[in-house]
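Asks: Mind having a look at this structure? Questions to follow.
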Amino acid sequence: MATSEAQQAAAAPPPPAARRPSRVGRAVRAALADPVERSCYALVGLSLVVWAWAASRSYFRHDDFLYLYRAVTRPLSLDSLLDGYQGHLMPGQFVLVEGLAEVAPLSWGAAVAVVLAFRLVACLAMVRL
């Protein structure tokens with residue numbers, strides 16, 4: 001009888017190994033365990049909500065229309081990217097406005113979503129410093 005129990009124990013499948021959390025999961029848990037870092041993330045979330053609320057009551061203004069007009073009327077080229085605007089060199093801005101003008105022209109929601117995404121990345125980068 002002892003032999004059959006030993007055989008049954010040997011034939012039984014091994015218990016499933018406990019799943020190890022991924023690297024991201026460990027990093028998130030470690031970040032949320034620290035009360036200071038947790039409060040930083042709460043402030044980031046609060047600032048994004050407040051900014052989104054303020055932006056929901058607004059629309060394009062002054063230069064925004066000029067950027068959109070420029071994106072629609074001028075082809076995107078190296079010359080247009082390196083052309084200054086009121087003394088500022090802004091190739092990234094021109095590429096972004098060109099993309100928004102192609103995908104969602106005059107869409108305030110799309111513009112706000114892009115700005116919120118950039119704000120989120122910048123805030124998270126500052127928290128991680």
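Identifiers for the structure tokens are assigned positionally: chains receive A, B, ... in sequence, residues are indexed from 1 per chain, and ligands are indexed from 1 in the order shown.
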Please provide the set of residues having any atom within 9 Å of stretch 111-123 of chain A, restricted to only C-alpha atoms, with same-chain residues fewer than 3 positions apart removed, written as a tab-separated table (two decimals) with C-alpha atoms, in the first residue's frame.
Replies:
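The file below, out_9.tsv, is the result:
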```tsv
chain	number	residue	atom	x	y	z
A	41	TYR	CA	0.95	60.27	-8.88
A	44	VAL	CA	-0.34	64.28	-11.53
A	45	GLY	CA	-3.79	62.77	-12.01
A	48	LEU	CA	-4.54	66.36	-15.66
A	51	TRP	CA	-6.36	70.90	-17.09
A	52	ALA	CA	-8.81	68.76	-19.10
A	55	ALA	CA	-9.58	72.90	-21.79
A	56	SER	CA	-13.11	71.58	-22.21
A	97	VAL	CA	-0.04	70.47	-36.34
A	100	LEU	CA	-3.53	66.90	-36.56
A	104	ALA	CA	-8.68	65.64	-37.43
A	106	LEU	CA	-10.21	71.74	-36.37
A	107	SER	CA	-10.92	69.02	-33.83
A	108	TRP	CA	-10.49	70.54	-30.39
A	126	MET	CA	9.40	64.42	-13.47
A	127	VAL	CA	8.02	62.05	-10.82
A	128	ARG	CA	10.54	59.39	-11.81
```
Asks: Identify, on the basis of only C-alpha atoms, every residue whose closest approach to A:Pro105 does not exceed 12 Å; exclude the query and any residue fewer than 5 positions from it along the same chain; express the result as a list in words.
Replies: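 The contact residues come out as Phe60, Asp64, Phe65, Tyr67, Leu68, Tyr69, Ala71, Val72, Leu96, Val97, Glu98, Gly99, Leu100, Ala110 and Ala111 of chain A.
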Asks: Next, write the just-selected residues to a file, as a PDB file, in the first residue's frame, keeping C-alpha atoms as the atom set.
Replies:
```
ATOM      1  CA  PHE A  60      -8.519  77.338 -30.620  1.00  0.00           C
ATOM      2  CA  ASP A  64      -3.647  78.101 -33.403  1.00  0.00           C
ATOM      3  CA  PHE A  65      -5.582  79.149 -36.496  1.00  0.00           C
ATOM      4  CA  TYR A  67      -0.656  77.113 -37.453  1.00  0.00           C
ATOM      5  CA  LEU A  68      -3.588  75.210 -38.953  1.00  0.00           C
ATOM      6  CA  TYR A  69      -3.732  77.508 -41.994  1.00  0.00           C
ATOM      7  CA  ALA A  71      -0.314  73.265 -42.229  1.00  0.00           C
ATOM      8  CA  VAL A  72      -3.115  73.143 -44.795  1.00  0.00           C
ATOM      9  CA  LEU A  96       2.369  67.927 -34.855  1.00  0.00           C
ATOM     10  CA  VAL A  97      -0.043  70.474 -36.338  1.00  0.00           C
ATOM     11  CA  GLU A  98       0.428  68.946 -39.787  1.00  0.00           C
ATOM     12  CA  GLY A  99      -0.504  65.528 -38.399  1.00  0.00           C
ATOM     13  CA  LEU A 100      -3.533  66.897 -36.564  1.00  0.00           C
ATOM     14  CA  ALA A 110      -7.963  65.668 -30.739  1.00  0.00           C
ATOM     15  CA  ALA A 111      -5.736  68.649 -29.923  1.00  0.00           C
TER      16      ALA A 111
END
```
Asks: Run DSSP on the backbone of this structure and report the residues of chain A it assigns to helix (DSSP H, G or I), as JSON, numbers by chain.
Replies: {"A": [2, 3, 4, 5, 6, 7, 8, 9, 10, 11, 23, 24, 25, 26, 27, 28, 29, 30, 31, 32, 33, 35, 36, 37, 38, 39, 40, 41, 42, 43, 44, 45, 46, 47, 48, 49, 50, 51, 52, 53, 54, 55, 56, 63, 64, 65, 66, 67, 68, 69, 70, 71, 72, 73, 78, 79, 80, 81, 82, 91, 92, 93, 94, 95, 96, 97, 98, 99, 100, 101, 102, 103, 108, 109, 110, 111, 112, 113, 114, 115, 116, 117, 118, 119, 120, 121, 122, 123, 124, 125, 126, 127, 128]}
Asks: To one decimal in Å, tell me the separation between atom CA of A:Leu89 and atom CA of A:Arg74.
Replies: 16.6 Å
Asks: Measure the distance from atom CA of A:Asp63 to atom CA of A:Ala101 in Å and round it to one decimal.
Replies: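 For atom CA of A:Asp63 relative to atom CA of A:Ala101, the distance reads 14.4 Å.
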